[in-house]
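Participant: Dropping in input_39.cif, with mmCIF, C-alpha atoms and all ligand atoms.
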```cif
data_query
loop_
_atom_site.label_atom_id
_atom_site.label_comp_id
_atom_site.auth_asym_id
_atom_site.auth_seq_id
_atom_site.Cartn_x
_atom_site.Cartn_y
_atom_site.Cartn_z
CA MET Q 173 0.00 0.00 0.00
CA GLN Q 174 3.00 2.33 0.05
CA GLN Q 175 2.70 3.22 -3.66
CA ALA Q 176 0.50 6.14 -2.72
CA LEU Q 177 3.26 7.64 -0.56
CA MET Q 178 6.12 9.80 -1.76
CA GLN Q 179 9.16 7.62 -1.20
CA THR Q 180 10.84 9.85 1.36
CA TYR Q 181 11.66 6.93 3.66
CA ALA Q 182 13.08 3.44 3.13
CA ARG Q 183 10.78 1.97 5.75
CA LEU Q 184 11.47 -1.15 7.76
CA PRO Q 185 9.08 -4.03 7.03
CA VAL Q 186 7.03 -3.68 10.20
CA SER Q 187 4.18 -1.56 11.50
CA PHE Q 188 2.94 -1.21 15.03
CA HIS Q 189 -0.60 -1.31 16.23
CA ARG Q 190 -0.34 -0.72 19.92
CA GLY Q 191 2.10 0.60 22.49
CA GLU Q 192 2.49 0.70 26.22
CA GLY Q 193 5.43 2.21 28.08
CA ALA Q 194 8.63 1.10 26.37
CA TRP Q 195 6.88 -1.64 24.37
CA LEU Q 196 5.27 -1.83 20.92
CA TRP Q 197 3.24 -4.64 19.35
CA ASP Q 198 3.16 -5.39 15.62
CA SER Q 199 0.20 -6.74 13.65
CA ASP Q 200 1.22 -10.35 14.41
CA GLY Q 201 1.28 -9.67 18.14
CA ASN Q 202 5.09 -9.66 18.44
CA ARG Q 203 6.39 -7.41 21.18
CA TYR Q 204 9.34 -5.03 20.65
CA LEU Q 205 11.39 -3.10 23.18
CA ASP Q 206 11.47 0.50 22.00
CA ALA Q 207 14.93 1.99 22.53
CA LEU Q 208 14.26 4.86 20.11
CA SER Q 209 10.99 6.47 21.31
CA GLY Q 210 9.88 7.47 17.82
CA ILE Q 211 13.20 9.40 17.55
CA ALA Q 212 13.24 11.03 20.99
CA VAL Q 213 9.56 11.94 20.83
CA CYS Q 214 7.79 9.59 23.23
CA GLY Q 215 9.90 10.37 26.28
CA LEU Q 216 7.07 9.26 28.55
CA GLY Q 217 6.69 6.05 26.57
CA HIS Q 218 3.64 4.95 24.63
CA ALA Q 219 0.09 5.49 25.82
CA HIS Q 220 1.19 7.28 28.98
CA PRO Q 221 -2.00 7.56 31.07
CA ALA Q 222 -1.50 11.26 31.87
CA VAL Q 223 -1.13 12.15 28.19
CA THR Q 224 -3.94 9.86 27.10
CA ARG Q 225 -6.33 11.31 29.67
CA ALA Q 226 -5.41 14.90 28.80
CA LEU Q 227 -5.88 14.32 25.06
CA GLN Q 228 -9.16 12.43 25.48
CA GLU Q 229 -10.58 15.14 27.67
CA GLN Q 230 -9.38 17.98 25.45
CA ALA Q 231 -10.51 16.27 22.23
CA ALA Q 232 -14.01 16.09 23.63
CA ARG Q 233 -13.94 19.76 24.61
CA LEU Q 234 -12.06 21.87 22.02
CA LEU Q 235 -9.40 21.10 19.39
CA HIS Q 236 -8.67 24.34 17.63
CA THR Q 237 -9.67 27.97 17.47
CA SER Q 238 -6.62 29.60 15.72
CA ASN Q 239 -4.26 32.19 17.09
CA LEU Q 240 -6.73 34.96 16.32
CA TYR Q 241 -8.09 34.34 19.81
CA GLY Q 242 -6.70 33.80 23.25
CA ILE Q 243 -5.66 30.22 24.04
CA PRO Q 244 -5.33 29.83 27.83
CA LEU Q 245 -3.73 26.37 27.58
CA GLN Q 246 -1.04 27.77 25.28
CA GLU Q 247 -0.38 30.61 27.72
CA GLN Q 248 -0.14 28.14 30.56
CA LEU Q 249 2.31 25.92 28.67
CA ALA Q 250 4.40 28.96 27.73
CA ALA Q 251 4.63 30.02 31.38
CA THR Q 252 5.62 26.51 32.46
CA LEU Q 253 8.32 26.24 29.80
CA CYS Q 254 9.68 29.68 30.68
CA GLN Q 255 9.80 28.74 34.35
CA HIS Q 256 11.84 25.61 33.64
CA SER Q 257 14.10 27.10 30.97
CA GLY Q 258 14.82 30.66 32.13
CA MET Q 259 13.42 31.99 28.86
CA GLU Q 260 10.82 34.79 28.77
CA ARG Q 261 8.54 34.34 25.75
CA VAL Q 262 7.45 31.45 23.53
CA PHE Q 263 6.27 31.07 19.95
CA PHE Q 264 4.52 27.74 19.39
CA CYS Q 265 4.67 25.89 16.10
CA ASN Q 266 4.33 22.29 14.94
CA SER Q 267 7.79 20.81 14.45
CA GLY Q 268 11.48 21.14 15.11
CA ALA Q 269 12.18 22.63 11.71
CA GLU Q 270 9.58 25.31 12.31
CA ALA Q 271 11.04 26.12 15.71
CA ASN Q 272 14.44 26.63 14.05
CA GLU Q 273 12.87 28.67 11.26
CA ALA Q 274 11.52 31.02 13.92
CA ALA Q 275 15.00 31.19 15.48
CA ILE Q 276 16.58 32.01 12.11
CA LYS Q 277 13.99 34.73 11.51
CA LEU Q 278 14.72 36.14 14.98
CA ALA Q 279 18.43 36.32 14.11
CA ARG Q 280 17.59 38.23 10.93
CA LEU Q 281 15.40 40.71 12.83
CA TRP Q 282 18.11 41.08 15.47
CA ALA Q 283 20.71 41.84 12.82
CA HIS Q 284 18.60 44.27 10.80
CA ARG Q 285 17.86 46.21 13.96
CA ARG Q 286 21.64 46.68 14.24
CA GLY Q 287 22.03 47.82 10.65
CA ILE Q 288 23.48 44.51 9.41
CA ARG Q 289 22.08 44.09 5.93
CA HIS Q 290 23.44 40.63 5.16
CA PRO Q 291 23.38 38.78 8.46
CA VAL Q 292 25.33 35.58 8.90
CA ILE Q 293 24.49 32.68 11.24
CA LEU Q 294 27.30 30.36 12.28
CA VAL Q 295 26.31 26.68 12.02
CA MET Q 296 28.25 23.49 12.63
CA GLU Q 297 29.61 20.58 10.65
CA ASN Q 298 27.38 17.49 11.06
CA ALA Q 299 24.55 19.62 12.43
CA PHE Q 300 20.93 18.71 11.90
CA HIS Q 301 18.27 21.41 12.09
CA GLY Q 302 15.46 20.19 9.81
CA ARG Q 303 14.32 19.87 6.21
CA THR Q 304 12.74 23.21 5.30
CA LEU Q 305 14.93 25.27 3.00
CA ALA Q 306 16.52 27.46 5.68
CA THR Q 307 16.94 24.65 8.21
CA LEU Q 308 18.26 22.33 5.50
CA THR Q 309 20.82 24.99 4.68
CA ALA Q 310 21.77 25.13 8.37
CA THR Q 311 22.06 21.33 8.39
CA GLY Q 312 25.61 20.07 7.84
CA ASN Q 313 24.87 17.16 5.55
CA ARG Q 314 25.65 17.56 1.85
CA LYS Q 315 23.65 14.46 0.94
CA ALA Q 316 20.48 15.89 2.48
CA GLN Q 317 21.02 19.18 0.63
CA GLN Q 318 21.79 17.61 -2.75
CA GLY Q 319 19.28 18.52 -5.43
CA PHE Q 320 17.63 21.32 -3.49
CA GLU Q 321 19.94 24.13 -4.54
CA PRO Q 322 19.91 27.09 -4.49
CA LEU Q 323 20.12 26.96 -0.72
CA VAL Q 324 19.49 29.94 1.54
CA ASP Q 325 22.04 32.69 1.89
CA GLY Q 326 23.58 33.78 5.19
CA PHE Q 327 25.03 30.67 6.81
CA VAL Q 328 28.69 29.94 7.54
CA ARG Q 329 29.74 26.45 8.61
CA ILE Q 330 32.48 25.72 11.12
CA PRO Q 331 33.63 22.60 13.02
CA PHE Q 332 31.64 21.58 16.13
CA ASN Q 333 33.20 21.73 19.61
CA ASP Q 334 35.86 24.11 18.34
CA LEU Q 335 36.03 27.58 19.89
CA GLU Q 336 39.03 28.60 17.80
CA ALA Q 337 36.94 28.07 14.69
CA VAL Q 338 34.41 30.53 16.12
CA ASP Q 339 37.13 33.12 16.64
CA ALA Q 340 38.50 32.53 13.15
CA ALA Q 341 35.01 32.96 11.67
CA ALA Q 342 34.61 36.19 13.62
CA ARG Q 343 37.78 37.53 11.97
CA GLU Q 344 36.83 36.37 8.48
CA HIS Q 345 33.14 37.19 8.23
CA ALA Q 346 31.36 40.47 8.63
CA GLY Q 347 27.78 40.58 9.83
CA ILE Q 348 27.66 37.57 12.13
CA ALA Q 349 24.43 37.81 14.11
CA ALA Q 350 24.03 34.44 15.80
CA ILE Q 351 25.32 30.95 16.46
CA LEU Q 352 22.88 28.07 15.95
CA VAL Q 353 24.06 24.82 17.54
CA GLU Q 354 22.87 21.58 19.13
CA PRO Q 355 24.32 21.03 22.65
CA VAL Q 356 24.57 17.34 21.71
CA GLN Q 357 24.47 16.58 18.00
CA GLY Q 358 21.85 13.88 17.47
CA GLU Q 359 21.63 12.97 13.78
CA GLY Q 360 25.32 13.89 13.50
CA GLY Q 361 26.27 10.86 15.62
CA ILE Q 362 25.65 11.70 19.32
CA ARG Q 363 28.54 14.13 19.53
CA VAL Q 364 28.50 15.83 22.91
CA GLY Q 365 29.32 19.52 23.08
CA THR Q 366 31.53 19.94 26.15
CA ASN Q 367 30.52 22.31 28.94
CA ASP Q 368 33.61 24.38 28.15
CA TYR Q 369 32.43 24.66 24.57
CA LEU Q 370 28.98 25.87 25.56
CA THR Q 371 30.29 28.36 28.12
CA GLY Q 372 32.85 29.51 25.54
CA LEU Q 373 30.09 30.09 23.00
CA ARG Q 374 28.06 32.01 25.59
CA GLN Q 375 31.05 34.20 26.38
CA ARG Q 376 31.76 34.96 22.73
CA CYS Q 377 28.14 35.79 22.00
CA ASP Q 378 28.12 38.19 24.97
CA GLU Q 379 31.34 39.87 23.90
CA ARG Q 380 30.31 40.30 20.29
CA GLY Q 381 26.59 40.94 20.57
CA TRP Q 382 25.55 37.70 18.86
CA LEU Q 383 22.56 35.57 19.73
CA LEU Q 384 23.27 32.12 21.14
CA MET Q 385 20.53 29.94 19.64
CA LEU Q 386 20.42 26.38 20.95
CA ASP Q 387 18.61 23.70 19.00
CA GLU Q 388 17.32 21.42 21.78
CA VAL Q 389 14.71 19.77 19.59
CA GLN Q 390 16.25 16.37 20.39
CA THR Q 391 18.11 17.11 23.66
CA GLY Q 392 15.30 19.00 25.40
CA MET Q 393 12.52 17.86 27.74
CA GLY Q 394 14.68 15.85 30.13
CA ARG Q 395 16.38 13.69 27.52
CA THR Q 396 20.00 14.46 28.52
CA GLY Q 397 19.46 14.30 32.28
CA SER Q 398 18.25 17.86 32.85
CA TRP Q 399 15.22 19.66 31.46
CA PHE Q 400 17.52 21.26 28.89
CA ALA Q 401 21.09 20.25 28.08
CA TYR Q 402 22.50 23.78 28.50
CA GLN Q 403 21.59 23.70 32.19
CA GLN Q 404 24.45 21.26 32.75
CA ALA Q 405 26.87 23.92 31.48
CA GLY Q 406 25.32 26.58 33.72
CA ILE Q 407 24.48 28.95 30.86
CA LEU Q 408 21.34 30.39 29.26
CA PRO Q 409 20.83 30.71 25.52
CA ASP Q 410 19.10 33.72 23.95
CA VAL Q 411 16.92 31.53 21.75
CA LEU Q 412 15.91 27.93 22.32
CA SER Q 413 14.22 25.48 19.92
CA LEU Q 414 12.09 22.62 21.22
CA ALA Q 415 9.85 20.01 19.62
CA LYS Q 416 10.27 16.22 19.67
CA GLY Q 417 9.71 15.34 23.35
CA LEU Q 418 7.40 18.27 24.03
CA GLY Q 419 4.16 16.57 22.98
CA ASN Q 420 5.03 12.91 23.50
CA GLY Q 421 3.71 12.28 19.99
CA MET Q 422 1.32 15.20 19.56
CA PRO Q 423 3.05 17.40 16.97
CA ILE Q 424 4.18 20.60 18.71
CA GLY Q 425 7.29 22.76 18.51
CA ALA Q 426 8.36 25.88 20.33
CA SER Q 427 10.81 28.71 19.89
CA LEU Q 428 11.68 30.39 23.18
CA ALA Q 429 13.62 33.60 23.70
CA ARG Q 430 14.69 36.02 26.38
CA GLY Q 431 15.88 39.59 26.59
CA GLU Q 432 15.73 41.66 23.44
CA ALA Q 433 15.30 38.54 21.30
CA ALA Q 434 11.98 37.92 23.05
CA GLU Q 435 10.67 41.34 21.98
CA LEU Q 436 11.52 41.20 18.27
CA MET Q 437 8.35 39.59 16.96
CA GLN Q 438 5.39 41.90 16.56
CA PRO Q 439 1.86 41.25 15.27
CA GLY Q 440 2.28 40.35 11.61
CA SER Q 441 5.97 39.35 11.92
CA HIS Q 442 5.42 35.64 12.05
CA GLY Q 443 2.61 33.16 12.50
CA THR Q 444 1.12 29.72 12.17
CA THR Q 445 -2.42 28.41 11.86
CA PHE Q 446 -2.06 25.33 14.04
CA GLY Q 447 0.78 26.30 16.39
CA GLY Q 448 -0.02 25.85 20.05
CA ASN Q 449 -3.65 24.90 19.53
CA PRO Q 450 -5.60 23.68 22.56
CA LEU Q 451 -5.02 19.99 21.86
CA ALA Q 452 -1.26 20.32 21.30
CA ALA Q 453 -0.85 22.67 24.27
CA ARG Q 454 -2.76 20.27 26.48
CA ALA Q 455 -0.41 17.45 25.46
CA GLY Q 456 2.56 19.69 26.25
CA LEU Q 457 1.13 20.46 29.69
CA ALA Q 458 0.61 16.77 30.42
CA VAL Q 459 4.25 16.17 29.47
CA THR Q 460 5.68 19.02 31.57
CA GLU Q 461 3.55 18.05 34.59
CA THR Q 462 4.62 14.41 34.35
CA LEU Q 463 8.29 15.30 33.88
CA SER Q 464 8.14 17.46 37.02
CA ARG Q 465 6.10 15.10 39.15
CA TYR Q 466 8.37 12.10 38.60
CA ALA Q 467 11.64 14.08 38.20
CA LEU Q 468 12.21 12.21 34.96
CA ASP Q 469 15.17 14.44 34.07
CA THR Q 470 17.08 13.17 37.11
CA ARG Q 471 15.97 9.65 36.32
CA ALA Q 472 17.28 10.03 32.74
CA ALA Q 473 20.68 11.07 34.11
CA GLU Q 474 20.78 8.01 36.37
CA LEU Q 475 19.63 5.62 33.64
CA GLY Q 476 22.10 7.11 31.19
CA GLU Q 477 25.02 6.34 33.51
CA ARG Q 478 23.72 2.84 34.08
CA LEU Q 479 23.46 2.23 30.33
CA GLN Q 480 26.88 3.71 29.56
CA ASP Q 481 28.47 1.64 32.35
CA GLY Q 482 26.66 -1.47 31.12
CA PHE Q 483 27.81 -0.98 27.54
CA ARG Q 484 31.37 -0.24 28.68
CA ASP Q 485 31.45 -3.51 30.66
CA ARG Q 486 29.97 -5.40 27.78
CA LEU Q 487 31.60 -3.81 24.73
CA GLY Q 488 34.37 -1.57 26.03
CA GLY Q 489 37.30 -3.85 25.23
CA LEU Q 490 36.07 -5.07 21.83
CA SER Q 491 38.09 -4.15 18.79
CA GLY Q 492 35.62 -2.56 16.43
CA VAL Q 493 34.04 -0.45 19.17
CA VAL Q 494 35.50 3.03 18.81
CA ASP Q 495 33.56 4.93 21.48
CA ILE Q 496 30.62 4.72 23.86
CA ARG Q 497 29.24 8.15 24.68
CA GLY Q 498 26.22 10.29 25.35
CA ARG Q 499 24.35 12.38 27.87
CA GLY Q 500 21.44 10.98 29.83
CA LEU Q 501 19.28 8.85 27.57
CA MET Q 502 20.89 10.06 24.37
CA LEU Q 503 23.47 7.37 23.73
CA GLY Q 504 25.83 6.47 20.93
CA ILE Q 505 28.01 3.42 20.31
CA GLU Q 506 30.47 4.27 17.56
CA LEU Q 507 31.89 1.36 15.58
CA ASP Q 508 34.85 1.31 13.20
CA ARG Q 509 32.68 0.38 10.21
CA PRO Q 510 29.29 1.19 8.66
CA CYS Q 511 26.63 -0.64 10.66
CA GLY Q 512 23.30 0.24 9.08
CA ASP Q 513 22.53 -3.51 8.86
CA LEU Q 514 22.24 -3.57 12.65
CA VAL Q 515 18.87 -1.86 12.50
CA LYS Q 516 17.25 -4.80 10.70
CA GLN Q 517 19.06 -7.33 12.88
CA ALA Q 518 17.75 -5.48 15.92
CA LEU Q 519 14.24 -5.71 14.55
CA SER Q 520 14.62 -9.50 14.38
CA ALA Q 521 15.86 -9.39 17.97
CA ARG Q 522 12.72 -7.41 18.84
CA ILE Q 523 14.37 -4.18 19.78
CA LEU Q 524 14.09 -0.81 18.04
CA ILE Q 525 17.35 1.09 17.58
CA ASN Q 526 18.76 3.48 15.03
CA VAL Q 527 22.07 3.98 13.25
CA THR Q 528 23.16 7.49 12.39
CA ALA Q 529 26.25 8.99 10.79
CA GLU Q 530 26.76 5.50 9.24
CA ARG Q 531 28.77 4.03 12.11
CA VAL Q 532 26.98 5.13 15.28
CA VAL Q 533 24.33 3.03 16.98
CA ARG Q 534 21.93 5.57 18.45
CA LEU Q 535 19.73 4.83 21.44
CA LEU Q 536 16.99 7.16 22.68
CA PRO Q 537 14.89 5.06 25.03
CA PRO Q 538 11.88 6.49 26.87
CA LEU Q 539 12.64 8.25 30.16
CA ILE Q 540 10.18 5.99 31.98
CA ILE Q 541 12.03 2.68 31.47
CA SER Q 542 12.52 0.46 34.50
CA ASP Q 543 15.89 -0.80 35.72
CA ASP Q 544 15.01 -4.19 34.23
CA GLU Q 545 14.21 -2.65 30.87
CA ALA Q 546 17.53 -0.79 30.96
CA GLU Q 547 19.31 -4.14 31.58
CA LEU Q 548 17.36 -5.67 28.71
CA ILE Q 549 18.54 -2.88 26.38
CA ILE Q 550 22.15 -3.47 27.42
CA ASP Q 551 21.75 -7.20 26.91
CA ARG Q 552 20.00 -7.12 23.53
CA VAL Q 553 22.06 -4.31 22.01
CA GLY Q 554 25.26 -5.73 23.51
CA THR Q 555 24.62 -9.11 21.88
CA LEU Q 556 23.69 -7.52 18.56
CA VAL Q 557 26.87 -5.47 18.41
CA GLN Q 558 29.04 -8.43 19.50
CA ASP Q 559 27.49 -10.68 16.83
CA PHE Q 560 27.72 -7.97 14.21
CA LEU Q 561 31.42 -7.39 14.84
CA ALA Q 562 32.15 -11.12 14.98
CA SER Q 563 30.35 -11.93 11.73
CA ALA Q 564 32.05 -9.13 9.82
CA ASN Q 565 35.55 -10.19 10.87
C1 LIG O 601 14.59 16.19 14.63
C2 LIG O 601 15.36 17.44 14.73
C3 LIG O 601 14.97 18.60 14.04
C4 LIG O 601 13.82 18.62 13.07
O1 LIG O 601 12.59 18.39 13.69
P1 LIG O 601 11.31 18.07 12.77
O2 LIG O 601 10.20 18.01 13.78
O3 LIG O 601 11.57 16.78 12.08
O4 LIG O 601 11.17 19.20 11.83
C5 LIG O 601 15.70 19.74 14.24
N1 LIG O 601 16.75 19.76 15.07
C6 LIG O 601 17.17 18.68 15.74
C7 LIG O 601 18.35 18.77 16.65
C8 LIG O 601 16.49 17.47 15.58
O5 LIG O 601 16.92 16.39 16.22
#
```
Can I see the file as structure tokens?
Facilitator:
Amino acid sequence: MQQALMQTYARLPVSFHRGEGAWLWDSDGNRYLDALSGIAVCGLGHAHPAVTRALQEQAARLLHTSNLYGIPLQEQLAATLCQHSGMERVFFCNSGAEANEAAIKLARLWAHRRGIRHPVILVMENAFHGRTLATLTATGNRKAQQGFEPLVDGFVRIPFNDLEAVDAAAREHAGIAAILVEPVQGEGGIRVGTNDYLTGLRQRCDERGWLLMLDEVQTGMGRTGSWFAYQQAGILPDVLSLAKGLGNGMPIGASLARGEAAELMQPGSHGTTFGGNPLAARAGLAVTETLSRYALDTRAAELGERLQDGFRDRLGGLSGVVDIRGRGLMLGIELDRPCGDLVKQALSARILINVTAERVVRLLPPLIISDDEAELIIDRVGTLVQDFLASAN
């Protein structure tokens, strides 16, 4: 039946009909352990009762009115997110790419206000920011960009985790207005930006009057062991992009800002029909309330250490394993060879994983997994990687 779909994905030969917590069931009743969470979306797992109840109740009451009118649930979610993030204002949208689009537009407004006519945004090698034209341009993946030229003007790419490259760019390029960066690169292979890197970026942005715009679409909402990854470096960004984990599966994105950046948008500057509608906002509120109530950010930190330790015990000494790394429940196992085949082998072993940047096994399990489920992930993924490396030798 996939002939009617544009072939944007090479899909795995399985579809799921039901989920509960960290588990999914296919049409034949087979049960799979979900160590991917729909790509860092279902942080609370599948069919979380708080989210289900909120959506059922809201669906029966009011889905959508548009942003022409007040939306109390949206206001409430904005206040909650600001309280947890240290940001001051929120623009709600429907995806990560849209959140980054809003950030890019903010950088342009910021620059024009300062008389910069051709503003430049610094972006990183191996970055991922989305698939719209501007966010695709910001994305550091030539293959993803191929065929979509001409790309958008006003981006300069530099290496990730490299403060000297920032200083060099500052000398070479006029009109820099902002830095857009993921605190931990997700699609790029679970590359962790060090705390020194993030504080160094903050310092440079302060000195030069640039906006620090953090793309926490994947790292946000407790995933890395704190509500937002930048909190572990003790800094605040000027602009913050959220999406994936914010709705636990309800599509919702958000662009948050503070200080002058929060005041740039005026009526008519930007907009969206669906963004922050009552149903999506209600899902976001159920997520934020559940994250707080069960301190799932702290739990993610604890589980992340347990998983990293488990994988180090299991795989650490193996030749073929280059690195085991991550933050919280954003984990990567880098191998010395392409390992895309592991995804299908994992499916046969009834566990859902992902491979990114060709050689990195990526794990993004739900924040609600039990200790036993964490052990099961270590065991199943450990065996898969061991067998994979043994068979290829
Ligand atoms: C997934 C992702 C995006 C894009 O989000 P969409 O909802 O697919 O548009 C942007 N940035 C990062 C860091 C992501 O992981």
Participant: Do you know which residues are within 10 Å of ligand LIG 601 (chain O) using only C-alpha atoms and all ligand atoms? Can you write them as number ranges by chain?
Facilitator: Q: 211-213, 265-273, 299-304, 307-308, 310-311, 353-360, 386-392, 413-417, 423-425
Participant: What's the separation between CA of Thr470 (chain Q) and CA of Thr555 (chain Q), in Å to one decimal place?
Facilitator: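 Those two atoms sit 28.0 Å apart.
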Participant: List as a list in words the protein and nucleic acid residues near Pro221 (chain Q), meaning an atom at most 12 Å away when all atoms listed in the file are counted, but skip any in the same chain fewer than 4 places from it.
Facilitator: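 Residues near the query, excluding close chain neighbours: Gly191, Glu192, Gly193, Leu216, Gly217, Arg225, Ala226, Leu227, Gln228, Glu229, Asn420, Ala455, Ala458, Val459 and Thr462 of chain Q.
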Participant: Show me, as a PDB file with C-alpha atoms, in the frame of the given file, the residues that have an atom within 8 Å of Thr309 (chain Q) when counting only C-alpha atoms, minus same-chain residues fewer than 3 positions from it.
Facilitator:
```pdb
ATOM      1  CA  LEU Q 305      14.930  25.270   3.000  1.00  0.00           C
ATOM      2  CA  ALA Q 306      16.520  27.460   5.680  1.00  0.00           C
ATOM      3  CA  GLY Q 312      25.610  20.070   7.840  1.00  0.00           C
ATOM      4  CA  GLN Q 317      21.020  19.180   0.630  1.00  0.00           C
ATOM      5  CA  LEU Q 323      20.120  26.960  -0.720  1.00  0.00           C
ATOM      6  CA  VAL Q 324      19.490  29.940   1.540  1.00  0.00           C
ATOM      7  CA  PHE Q 327      25.030  30.670   6.810  1.00  0.00           C
TER       8      PHE Q 327
END
```
Participant: Looking at Q:Ile243, Q:Met296, Q:Leu383, Q:Ile549, which one is nearest to Leu524 (chain Q), with distances taken over only C-alpha atoms?
Facilitator: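 Of the candidates, the smallest distance to Leu524 (chain Q) is held by Q:Ile549.
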Participant: Can you pull out the residues contacting region 344-348 of chain Q? Cut-off 8 Å, using only C-alpha atoms, and skip same-chain residues under 6 positions away; I want them as a PyMOL selection string.
Facilitator: chain Q and resi 283+288-294+382
Participant: Report as a VMD selection string all protein, DNA and RNA residues lying within 12 Å of Leu507 (chain Q), evaluated on only C-alpha atoms, omitting residues in the same chain fewer than 5 positions from it.
Facilitator: chain Q and resid 361 487 to 488 490 to 497 512 514 527 to 534 557 to 558 560 to 561 564
Participant: Once you add 3 Å to each side, what are the centre and edge lengths of the axis-aligned box holding all listed atoms of region 354-368 of chain Q? One decimal in Å, as lines of an AutoDock Vina configuration file, if you can.
Facilitator:
```
center_x = 27.6
center_y = 17.6
center_z = 21.2
size_x = 18.0
size_y = 19.5
size_z = 21.4
```
Participant: Which of these residues is nearest to Asp485 (chain Q), using all atoms listed in the file: Q:Met502, Q:Val411, Q:Ile550, Q:Ala219?
Facilitator: Q:Ile550
Participant: Counting all atoms listed in the file, which residue out of Q:Asp334, Q:Glu247, Q:Glu547, Q:Asp559 sits closest to Asp513 (chain Q)?
Facilitator: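 Using all atoms listed in the file, the shortest distance to Asp513 (chain Q) belongs to Q:Asp559.
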Participant: What's the 10 Å shell around Gly215 (chain Q), counting only C-alpha atoms, without same-chain residues fewer than 4 positions away, as a compact mmCIF listing (two decimals) with C-alpha atoms, in the coordinates of the input?
Facilitator:
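The result, written out as out-v4.txt:
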```txt
# COMPACT_ATOMS: atom_id res chain seq x y z
CA GLY Q 193 5.43 2.21 28.08
CA ALA Q 194 8.63 1.10 26.37
CA LEU Q 208 14.26 4.86 20.11
CA SER Q 209 10.99 6.47 21.31
CA GLY Q 210 9.88 7.47 17.82
CA ILE Q 211 13.20 9.40 17.55
CA HIS Q 220 1.19 7.28 28.98
CA MET Q 393 12.52 17.86 27.74
CA GLY Q 394 14.68 15.85 30.13
CA ARG Q 395 16.38 13.69 27.52
CA LYS Q 416 10.27 16.22 19.67
CA GLY Q 417 9.71 15.34 23.35
CA LEU Q 418 7.40 18.27 24.03
CA GLY Q 419 4.16 16.57 22.98
CA ASN Q 420 5.03 12.91 23.50
CA GLY Q 421 3.71 12.28 19.99
CA VAL Q 459 4.25 16.17 29.47
CA LEU Q 463 8.29 15.30 33.88
CA LEU Q 468 12.21 12.21 34.96
CA ALA Q 472 17.28 10.03 32.74
CA LEU Q 501 19.28 8.85 27.57
CA LEU Q 536 16.99 7.16 22.68
CA PRO Q 537 14.89 5.06 25.03
CA PRO Q 538 11.88 6.49 26.87
CA LEU Q 539 12.64 8.25 30.16
CA ILE Q 540 10.18 5.99 31.98
CA ILE Q 541 12.03 2.68 31.47
```
Participant: Name the closest residue to Gln375 (chain Q) among the candidates Q:Ser441, Q:Trp399, Q:Leu408, Q:Arg363; distances are taken between atoms, counting all atoms listed in the file.
Facilitator: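 Among the listed residues, Q:Leu408 lies closest to Gln375 (chain Q).
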Participant: Between Q:Leu373, Q:Leu196, Q:Leu205, Q:Met385, which one has atoms that come closest to Val553 (chain Q), using all atoms listed in the file?
Facilitator: Q:Leu205
Participant: Can you work out which one of Q:Val364, Q:Ala452, Q:Ala521, Q:Val186 has the shortest atom-to-atom distance to Tyr402 (chain Q), counting only C-alpha atoms?
Facilitator: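 Comparing Q:Val364, Q:Ala452, Q:Ala521, Q:Val186 against Tyr402 (chain Q), the winner is Q:Val364.
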Participant: Please determine the residues with any atom at most 10 Å from (15.6, 37.4, 14.9) (coordinates as given in the file, with all atoms listed in the file counting) and report them as a PyMOL selection string.
Facilitator: chain Q and resi 273-285+349-350+383+411+429+432-437
Participant: Quick check, in Å to one decimal: how far apart do CA of Tyr241 (chain Q) and CA of Leu412 (chain Q) lie?
Facilitator: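 A separation of 25.0 Å between them.
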